Amino acid sequence: MQKKPFSPKNSFYVTMWLVFHMVIILSFALSIVFGKKLYIDSDLFHMLPTSTLGPAMGEADERLSDATSQNVFVLVSHEDFEEAKATAELVYNQLKDNRFFTSLSLYAGSNAIASIEDFVHDYRWNLLDDEAIQELSTEEGRQSFADSAISKAYGSFTLSSLSYLDEDPFLLDEDAVTGYLAGIQDAGTSMTAKDGVLASEYQGKWYVMLRGTLNKEGTAIASKDNGITAIYSVCGPLEKDGIRFVYSGTAFHSHKSSTSAINEIGLISTISLSIVILILLLVFRSGLPLVASVASIFVSLATAFSATHFVYGRLHILTLVLGTSLIGSCIDYSLHYFVNWKANLALDSGASVRKFLFKGLALSLVSTEICYFILLFAPFDLLKQMGVFSMTGIMSSFLSVICIYPLFKLPQENKRKIPVIKFYKHSTLAQKKHLTLIVTCAFILITGIIIAVNHKNMNIHNDMYKLYVMEGRLKEDDLTVTEVTQYDPRGWFILHAKTEEELLQIEEFVCQRLNEFGRGKEGSGYLATSRFIPSIAHQKKSREAARTLLDLAPGQYEMLGYEEGEEQYLAEVFDSSEENYLLPGCELPESVSSLVSMLWLGQIEDEYYSVVMPVRELSRDEYIKIAAEKGDNVIYENKMKDLGLGLDHLTLIVIIMFAIAYLLILVVLKFFYGWKHTLKIASIPLLSVLVILAMSMMIGQSIEFFGITGMILVFGLGLDYIIYMIENIKREKKGLVQNGMPKLEPFAIFLSFLTTALSFGALAFSTFVPVHTIGLTIFLGLISAFVCTLF
């Protein structure tokens with residue numbers, strides 16, 4: 001006779017389940033209600049470790065990455081320039097007021113020049129470049145400078161309007177505007193002003209450039225509405241009759257990878273869940289195990305999502321993708337419960353099923369949670385998110401099984417059987433000790449030989465160019481943009497100093513050295529704040545040089561046709577601007593502001609940071625030498641190389657964490673088992689890791705971060721099978737397993753392996769390299785763990 005489900009003990013368990021889930025889900029819900037936005041992070045760089053350059057440098061690098069990831073470029077191409085320009089104007093007019101953009105620019109003509117001219121006029125005395133300052137150091141040079149201004153004023157073309165000529169007879173405005181436009185042009189490199197827009201001709205086609213900066217909402221790539229979808233929705237219908245759009249910017253790649261990842265989440269989840277449903281229907285032929293198991297999976301995923309988002313304020317798309325693997329992990333507990341619920345005739349109630357399985361399930365939970373818990377100490381948010389997500393999801397599933405499932409009535413006695421179990425042949429290999437010894441030794445020997453032969457491949461190396469592989473249209477677009485614009489920054493100088501003034505002076509030194517190195521070389525331009533906001537020291541030198549021109553003012557005004565006395569007014573204007581210095585943080589023209597906001601990183605901790613960015617990496621070694629001349633104040637960073645080194649460092653940390661997790665699990669197991677069983681259990685994950693290493697080396701694969709992450713997860717998951725098997729053997733020895741029922745637990749282990757391997761195996765089909773690597777690693781490890789368990 002079955003016991004009543006709502007006993008005081010069961011009530012306690014139900015309360016525990018409710019408290020656990022309600023605390024997490026309500027905390028998440030309240031955080032959303034009180035202002036925390038639901039945010040799925042899909043930034044490619046956020047799934048990678050921070051810079052290896054130290055905390056402050058790392059934050060500076062992150063600020064730069066955030067700024068550059070918001071920049072988007074769209075080139076409109078057509079054989080006819082007017083067609084390309086007209087289409088670019090149509091796109092500009094439709095997007096300029098879009099809520100996803102903080103700025104959008106197309107025109108580089110008179111309006112942009114006028115705004116720059118109005119701005120620089122107040123600071124014209126301060127903006128002479130080094131060449132002009134040198135020229136004004138001699139009497140001959142000053143006269144030549146003045147004569148050149150006269151020639152420009154009477155010439156047919158000047159960039160500035162000459163509207164300030166009465167205050168600027170030496171055309172200092174013209175020189176300042178020219179310098180600013182040169183600085184802006186280096187952001188578009190070979191693109192030049194043509195009929196009011198930035199354009200370039202390449203292989204018989206004209207390309208007109210639109211430049212935009214997305215806001216935070218615009219870069220929310222995982223949402224359906226964002227800046228990239230807005231661009232596509234406007235440009236897509238216009239791509240006809242020879243018009244083609246070329247897209248460039250990190251946001252486009254993030255959009256593609258996140259869209260692909262989201263689609264894969266749906267596909268992987270659907271496939272995994274469908275297979276699980278078919279298995280449950282085939283095995284149990286009852287609706288209850290199916291409904292309960294699927295409900296448990298969804299509750300686990302919802303709880304894991306809520307906990308992770310509440311703790312970190314966001315959830316990375318990769319965490320969510322890997323979270324789908326919880327389908328296989330969470331179903332393990334349900335399968336063990338319902339196999340015994342359905343067919344173990346020695347058990348007469350849900351509570352007795354719980355008691356029968358509790359130790360094995362609890363030890364499995366502890367070993368798995370230890371591995372995920374270790375991830376919380378990694379110096380990397382993505383791993384921490386994975387740890388919180390997986391720990392919470394697994395705990396939720398465990399609680400559902402021990403707290404809620406015992407409330408379900410057992411089937412009628414005549415239905416307490418699993419017909420398909422007769423097709424399962426339980427291996428008795430473990431009882432054949434000589435065969436087991438031979439096979440085990442052969443397995444270790446073969447694996448050892450493979451590792452020894454391929455030991456040269458046993459090195460930690462993460463190749464960032466393999467992590468995200470461009471393909472399709474975006475790959476073609478990237479190549480086109482590089483050829484058209486000649487803009488391909490692979491690295492940059494990160495500078496820091498105690499004061500803004502010192503930082504600008506260091507910038508000017510780096511810029512001077514870049515000028516010397518790049519003289520005469522194509523693609524030698526660079527972007528720097530000091531090209532628009534010189535140091536005060538430079539501005540003072542400029543003013544002193546400009547002061548020498550005042551003596552030439554009478555003759556200059558006479559040549560320009562002004563009456564006598566204007567020179568006195570000019571001297572008064574000069575004196576009145578004595579303390580009028582251009583400083584970081586001032587309001588700049590829009591065309592300049594978007595550049596400076598990316599390059600000037602501002603104060604971080606107790607120092608100021610900025611970036612000098614070569615438009616092409618002409619010589620990494622030469623740039624490193626330039627940086628070394630200023631000691632620790634300047635570092636040249638190649639982003640991809642630095643990220644690879646960061647992953648190498650993190651990989652080593654994960655390996656150390658793996659060893660710590662192994663020791664912790666040994667300690668836990670020793671509390672419950674003797675040394676014989678403890679070592680048997682502990683050998684399984686090690687053998688699995690050896691198999692993964694051997695397979696990786698055979699294909700020439702180095703030890704990589706995402707593969708190692710997969711290994712540490714295999715370590716926790718692979719222990720489950722041997723723990724369940726040993727617990728079953730111990731129960732058999734104690735006579736707790738009825739005759740005819742010895743296959744139940746091995747059958748449950750097989751089902752557990754099958755569902756978990758399938759869910760992770762599905763990840764191996766992902767086109768997203770990190771997901772593919774982790775999925776394949778865990779799949780191979782689980783197969784190894786299951787086969788080893790049979791022995």
# chains A, B, ... in the order shown; residues from 1 in each chain; ligands from 1
>>> select_by_dssp(residues="segment 441-549 of chain A", states="strand (DSSP E or B)", output="ChimeraX atom specification")
/A:460,488,491-497,526-527
>>> write_last_selection(atoms="all heavy atoms", output="mmCIF file, in the first residue's frame")
data_model
loop_
_atom_site.group_PDB
_atom_site.id
_atom_site.type_symbol
_atom_site.label_atom_id
_atom_site.label_comp_id
_atom_site.auth_asym_id
_atom_site.auth_seq_id
_atom_site.Cartn_x
_atom_site.Cartn_y
_atom_site.Cartn_z
ATOM 1 N N ILE A 460 49.958 25.161 -24.656
ATOM 2 C CA ILE A 460 48.799 26.041 -24.509
ATOM 3 C C ILE A 460 48.909 27.154 -25.546
ATOM 4 O O ILE A 460 49.854 27.944 -25.535
ATOM 5 C CB ILE A 460 48.741 26.632 -23.092
ATOM 6 C CG1 ILE A 460 48.558 25.510 -22.054
ATOM 7 C CG2 ILE A 460 47.615 27.649 -22.973
ATOM 8 C CD1 ILE A 460 48.619 25.993 -20.624
ATOM 9 N N ASP A 488 42.964 49.597 -41.864
ATOM 10 C CA ASP A 488 42.953 48.255 -41.299
ATOM 11 C C ASP A 488 43.781 48.218 -40.019
ATOM 12 O O ASP A 488 44.855 47.608 -39.965
ATOM 13 C CB ASP A 488 43.506 47.261 -42.323
ATOM 14 C CG ASP A 488 43.364 45.814 -41.866
ATOM 15 O OD1 ASP A 488 42.461 45.530 -41.054
ATOM 16 O OD2 ASP A 488 44.161 44.974 -42.325
ATOM 17 N N GLY A 491 46.340 47.106 -34.377
ATOM 18 C CA GLY A 491 46.787 47.356 -33.012
ATOM 19 C C GLY A 491 46.821 48.847 -32.754
ATOM 20 O O GLY A 491 46.552 49.665 -33.644
ATOM 21 N N TRP A 492 47.168 49.222 -31.522
ATOM 22 C CA TRP A 492 47.186 50.640 -31.168
ATOM 23 C C TRP A 492 48.074 50.864 -29.944
ATOM 24 O O TRP A 492 48.411 49.933 -29.216
ATOM 25 C CB TRP A 492 45.778 51.139 -30.872
ATOM 26 C CG TRP A 492 44.934 50.147 -30.112
ATOM 27 C CD1 TRP A 492 45.016 49.807 -28.801
ATOM 28 C CD2 TRP A 492 43.906 49.327 -30.663
ATOM 29 N NE1 TRP A 492 44.099 48.843 -28.474
ATOM 30 C CE2 TRP A 492 43.396 48.531 -29.611
ATOM 31 C CE3 TRP A 492 43.335 49.189 -31.931
ATOM 32 C CZ2 TRP A 492 42.365 47.605 -29.789
ATOM 33 C CZ3 TRP A 492 42.312 48.266 -32.110
ATOM 34 C CH2 TRP A 492 41.846 47.496 -31.045
ATOM 35 N N PHE A 493 48.444 52.119 -29.776
ATOM 36 C CA PHE A 493 49.213 52.510 -28.595
ATOM 37 C C PHE A 493 48.230 52.914 -27.496
ATOM 38 O O PHE A 493 47.338 53.738 -27.739
ATOM 39 C CB PHE A 493 50.124 53.694 -28.909
ATOM 40 C CG PHE A 493 51.177 53.411 -29.936
ATOM 41 C CD1 PHE A 493 50.926 53.596 -31.290
ATOM 42 C CD2 PHE A 493 52.427 52.960 -29.546
ATOM 43 C CE1 PHE A 493 51.896 53.348 -32.244
ATOM 44 C CE2 PHE A 493 53.416 52.705 -30.493
ATOM 45 C CZ PHE A 493 53.144 52.891 -31.848
ATOM 46 N N ILE A 494 48.401 52.363 -26.309
ATOM 47 C CA ILE A 494 47.644 52.816 -25.141
ATOM 48 C C ILE A 494 48.614 53.609 -24.262
ATOM 49 O O ILE A 494 49.667 53.103 -23.872
ATOM 50 C CB ILE A 494 47.045 51.637 -24.351
ATOM 51 C CG1 ILE A 494 46.073 50.846 -25.239
ATOM 52 C CG2 ILE A 494 46.313 52.142 -23.108
ATOM 53 C CD1 ILE A 494 45.427 49.673 -24.528
ATOM 54 N N LEU A 495 48.245 54.866 -23.992
ATOM 55 C CA LEU A 495 49.122 55.763 -23.252
ATOM 56 C C LEU A 495 48.464 56.152 -21.932
ATOM 57 O O LEU A 495 47.234 56.251 -21.854
ATOM 58 C CB LEU A 495 49.409 57.039 -24.057
ATOM 59 C CG LEU A 495 49.980 56.896 -25.461
ATOM 60 C CD1 LEU A 495 48.901 56.597 -26.491
ATOM 61 C CD2 LEU A 495 50.724 58.168 -25.872
ATOM 62 N N HIS A 496 49.278 56.395 -20.918
ATOM 63 C CA HIS A 496 48.724 56.869 -19.648
ATOM 64 C C HIS A 496 49.723 57.781 -18.950
ATOM 65 O O HIS A 496 50.943 57.691 -19.171
ATOM 66 C CB HIS A 496 48.337 55.696 -18.740
ATOM 67 C CG HIS A 496 49.510 54.866 -18.277
ATOM 68 N ND1 HIS A 496 50.078 55.001 -17.026
ATOM 69 C CD2 HIS A 496 50.215 53.894 -18.900
ATOM 70 C CE1 HIS A 496 51.077 54.127 -16.903
ATOM 71 N NE2 HIS A 496 51.171 53.443 -18.023
ATOM 72 N N ALA A 497 49.188 58.690 -18.149
ATOM 73 C CA ALA A 497 50.022 59.641 -17.411
ATOM 74 C C ALA A 497 49.225 60.186 -16.235
ATOM 75 O O ALA A 497 48.009 59.995 -16.139
ATOM 76 C CB ALA A 497 50.477 60.771 -18.329
ATOM 77 N N TYR A 526 47.544 58.064 -38.876
ATOM 78 C CA TYR A 526 47.183 57.615 -37.529
ATOM 79 C C TYR A 526 46.129 58.557 -36.963
ATOM 80 O O TYR A 526 45.964 59.696 -37.430
ATOM 81 C CB TYR A 526 48.415 57.573 -36.614
ATOM 82 C CG TYR A 526 49.145 58.896 -36.525
ATOM 83 C CD1 TYR A 526 48.762 59.874 -35.613
ATOM 84 C CD2 TYR A 526 50.206 59.176 -37.383
ATOM 85 C CE1 TYR A 526 49.410 61.090 -35.548
ATOM 86 C CE2 TYR A 526 50.864 60.395 -37.334
ATOM 87 C CZ TYR A 526 50.464 61.354 -36.416
ATOM 88 O OH TYR A 526 51.097 62.557 -36.358
ATOM 89 N N LEU A 527 45.437 58.086 -35.955
ATOM 90 C CA LEU A 527 44.434 58.893 -35.267
ATOM 91 C C LEU A 527 44.930 59.169 -33.857
ATOM 92 O O LEU A 527 45.437 58.273 -33.179
ATOM 93 C CB LEU A 527 43.101 58.136 -35.199
ATOM 94 C CG LEU A 527 42.541 57.603 -36.520
ATOM 95 C CD1 LEU A 527 41.257 56.827 -36.274
ATOM 96 C CD2 LEU A 527 42.292 58.744 -37.480
#
>>> residues_around(residues="segment 204-207 of chain A", least_positions_apart="2", cutoff="6 Å", atoms="only C-alpha atoms", output="ChimeraX atom specification")
/A:75-79,81,199-202
>>> closest_residue(among="A:Asn263, A:Gln70, A:Thr319, A:Gln143", to="Lys216 of chain A", atoms="only C-alpha atoms")
A:Gln70
>>> residues_around(residues="Gln505 of chain A", least_positions_apart="3", cutoff="8 Å", atoms="only C-alpha atoms", output="ChimeraX atom specification")
/A:501-502,508-509,534-535,537
>>> write_last_selection(atoms="N, CA and C atoms", output="PDB file, in the first residue's frame")
ATOM      1  N   GLU A 501      47.786  66.998 -19.290  1.00  0.00           N
ATOM      2  CA  GLU A 501      48.841  67.698 -20.022  1.00  0.00           C
ATOM      3  C   GLU A 501      50.007  66.763 -20.327  1.00  0.00           C
ATOM      4  N   GLU A 502      50.426  65.990 -19.332  1.00  0.00           N
ATOM      5  CA  GLU A 502      51.528  65.051 -19.552  1.00  0.00           C
ATOM      6  C   GLU A 502      51.133  64.013 -20.604  1.00  0.00           C
ATOM      7  N   GLU A 508      52.053  63.463 -28.320  1.00  0.00           N
ATOM      8  CA  GLU A 508      52.751  64.222 -29.358  1.00  0.00           C
ATOM      9  C   GLU A 508      54.100  63.596 -29.687  1.00  0.00           C
ATOM     10  N   PHE A 509      54.766  63.038 -28.677  1.00  0.00           N
ATOM     11  CA  PHE A 509      56.031  62.348 -28.928  1.00  0.00           C
ATOM     12  C   PHE A 509      55.804  61.123 -29.817  1.00  0.00           C
ATOM     13  N   PRO A 534      46.060  69.920 -28.971  1.00  0.00           N
ATOM     14  CA  PRO A 534      47.477  69.827 -28.608  1.00  0.00           C
ATOM     15  C   PRO A 534      47.672  70.066 -27.108  1.00  0.00           C
ATOM     16  N   SER A 535      48.837  69.679 -26.629  1.00  0.00           N
ATOM     17  CA  SER A 535      49.170  69.955 -25.232  1.00  0.00           C
ATOM     18  C   SER A 535      49.292  71.456 -25.040  1.00  0.00           C
ATOM     19  N   ALA A 537      51.698  72.896 -23.605  1.00  0.00           N
ATOM     20  CA  ALA A 537      53.083  73.236 -23.941  1.00  0.00           C
ATOM     21  C   ALA A 537      53.215  73.524 -25.434  1.00  0.00           C
TER      22      ALA A 537
END
>>> closest_atom_pairs(of="segment 174-243 of chain A", to="segment 579-599 of chain A", cutoff="10 Å", atoms="only C-alpha atoms", output="JSON lines")
{"residue": "A:Tyr180", "atom": "CA", "partner": "A:Val592", "partner_atom": "CA", "distance": 7.9}
{"residue": "A:Leu181", "atom": "CA", "partner": "A:Val592", "partner_atom": "CA", "distance": 8.9}
{"residue": "A:Gly183", "atom": "CA", "partner": "A:Val592", "partner_atom": "CA", "distance": 8.6}
{"residue": "A:Ile184", "atom": "CA", "partner": "A:Val592", "partner_atom": "CA", "distance": 6.8}
{"residue": "A:Ala187", "atom": "CA", "partner": "A:Leu595", "partner_atom": "CA", "distance": 7.9}
{"residue": "A:Arg211", "atom": "CA", "partner": "A:Ser594", "partner_atom": "CA", "distance": 9.9}
{"residue": "A:Gly212", "atom": "CA", "partner": "A:Ser594", "partner_atom": "CA", "distance": 9.1}
{"residue": "A:Thr213", "atom": "CA", "partner": "A:Ser594", "partner_atom": "CA", "distance": 7.7}
>>> write_last_selection(atoms="C-alpha atoms", output="mmCIF file, in the first residue's frame")
data_model
loop_
_atom_site.group_PDB
_atom_site.id
_atom_site.type_symbol
_atom_site.label_atom_id
_atom_site.label_comp_id
_atom_site.auth_asym_id
_atom_site.auth_seq_id
_atom_site.Cartn_x
_atom_site.Cartn_y
_atom_site.Cartn_z
ATOM 1 C CA TYR A 180 41.696 69.067 -38.597
ATOM 2 C CA LEU A 181 40.453 67.734 -41.933
ATOM 3 C CA GLY A 183 43.044 64.186 -38.947
ATOM 4 C CA ILE A 184 39.446 63.382 -39.860
ATOM 5 C CA ALA A 187 39.633 57.916 -40.091
ATOM 6 C CA ARG A 211 29.695 56.736 -40.691
ATOM 7 C CA GLY A 212 27.558 56.154 -37.634
ATOM 8 C CA THR A 213 27.857 55.644 -33.890
#
>>> residues_around(residues="Arg314 of chain A", least_positions_apart="2", cutoff="7 Å", atoms="only C-alpha atoms", output="PyMOL selection string")
chain A and resi 38-41+309+312+316
>>> write_last_selection(atoms="C-alpha atoms", output="CSV table (one decimal), in the first residue's frame")
chain,number,residue,atom,x,y,z
A,38,LEU,CA,16.8,42.6,-19.4
A,39,TYR,CA,20.1,42.4,-21.3
A,40,ILE,CA,21.5,39.6,-23.4
A,41,ASP,CA,25.1,40.4,-24.2
A,309,HIS,CA,21.0,37.8,-14.8
A,312,TYR,CA,25.6,39.9,-13.2
A,316,HIS,CA,26.1,36.5,-22.4
>>> atom_distance(atom1="atom CA of Glu566 of chain A", atom2="atom CA of Thr178 of chain A")
25.7 Å
>>> atom_distance(atom1="atom CA of Ala251 of chain A", atom2="atom CA of Ile228 of chain A")
7.2 Å
>>> closest_residue(among="A:Val654, A:Ser683, A:Glu637, A:Ser151", to="Leu666 of chain A", atoms="only C-alpha atoms")
A:Ser683
>>> residues_around(residues="segment 777-787 of chain A", least_positions_apart="3", cutoff="8 Å", atoms="only C-alpha atoms", output="mmCIF file with C-alpha atoms, in the first residue's frame")
data_model
loop_
_atom_site.group_PDB
_atom_site.id
_atom_site.type_symbol
_atom_site.label_atom_id
_atom_site.label_comp_id
_atom_site.auth_asym_id
_atom_site.auth_seq_id
_atom_site.Cartn_x
_atom_site.Cartn_y
_atom_site.Cartn_z
ATOM 1 C CA ILE A 684 37.200 7.933 -14.541
ATOM 2 C CA PRO A 685 37.540 11.705 -15.209
ATOM 3 C CA LEU A 687 40.958 8.676 -18.172
ATOM 4 C CA SER A 688 38.391 10.837 -19.958
ATOM 5 C CA VAL A 689 40.787 13.777 -19.989
ATOM 6 C CA VAL A 691 41.298 10.497 -24.224
ATOM 7 C CA ILE A 692 40.420 14.124 -25.024
ATOM 8 C CA GLY A 707 38.534 22.759 -24.841
ATOM 9 C CA GLY A 710 34.855 21.425 -21.647
ATOM 10 C CA MET A 711 37.233 19.113 -19.822
ATOM 11 C CA LEU A 713 32.730 20.114 -17.108
ATOM 12 C CA VAL A 714 33.359 16.503 -18.215
ATOM 13 C CA LEU A 717 29.514 15.044 -15.312
ATOM 14 C CA GLY A 718 31.646 11.933 -15.894
ATOM 15 C CA LEU A 719 31.764 11.115 -12.186
ATOM 16 C CA TYR A 721 28.045 7.253 -13.926
ATOM 17 C CA PHE A 753 24.563 8.926 -20.683
ATOM 18 C CA ALA A 757 25.797 12.896 -24.683
ATOM 19 C CA LEU A 758 23.113 13.790 -27.209
ATOM 20 C CA PHE A 760 26.278 18.043 -25.748
ATOM 21 C CA GLY A 761 26.759 16.236 -29.042
ATOM 22 C CA ALA A 764 29.297 19.973 -31.582
ATOM 23 C CA THR A 773 34.787 23.013 -29.199
ATOM 24 C CA ILE A 774 33.108 22.710 -25.804
ATOM 25 C CA LEU A 790 31.477 -0.462 -17.767
ATOM 26 C CA PHE A 791 34.819 -1.816 -16.580
#
>>> atom_distance(atom1="atom CA of Ser103 of chain A", atom2="atom CA of Lys475 of chain A")
25.7 Å
>>> select_by_dssp(residues="segment 121-311 of chain A", states="helix (DSSP H, G or I)", output="PyMOL selection string")
chain A and resi 121+124-126+130-135+139-154+172-188+227-238+250-284+287-311
>>> residues_around(residues="Asn93 of chain A", least_positions_apart="2", cutoff="12 Å", atoms="only C-alpha atoms", output="list in words")
Ala86, Thr87, Ala88, Glu89, Leu90, Val91, Leu95, Lys96, Asp97, Asn98, Leu104, Ser105, Leu106, Tyr107, Leu210, Ile231, Val234 and Cys235 of chain A
>>> closest_residue(among="A:Asn728, A:Met559, A:Leu552, A:Cys788", to="Glu140 of chain A", atoms="only C-alpha atoms")
A:Leu552
>>> closest_residue(among="A:Thr651, A:Ser258, A:Asn414, A:Asn215", to="Thr767 of chain A", atoms="only C-alpha atoms")
A:Ser258
>>> residues_around(residues="segment 119-122 of chain A", least_positions_apart="2", cutoff="8 Å", atoms="only C-alpha atoms", output="number ranges by chain")
A: 115-117, 124, 173, 176-177, 577, 580, 588-589
>>> closest_residue(among="A:Met16, A:Glu239, A:Leu278, A:Glu82", to="Asp195 of chain A", atoms="only C-alpha atoms")
A:Glu82
>>> closest_residue(among="A:Ile449, A:Leu474, A:Leu64, A:Ile421", to="Val611 of chain A", atoms="only C-alpha atoms")
A:Leu64
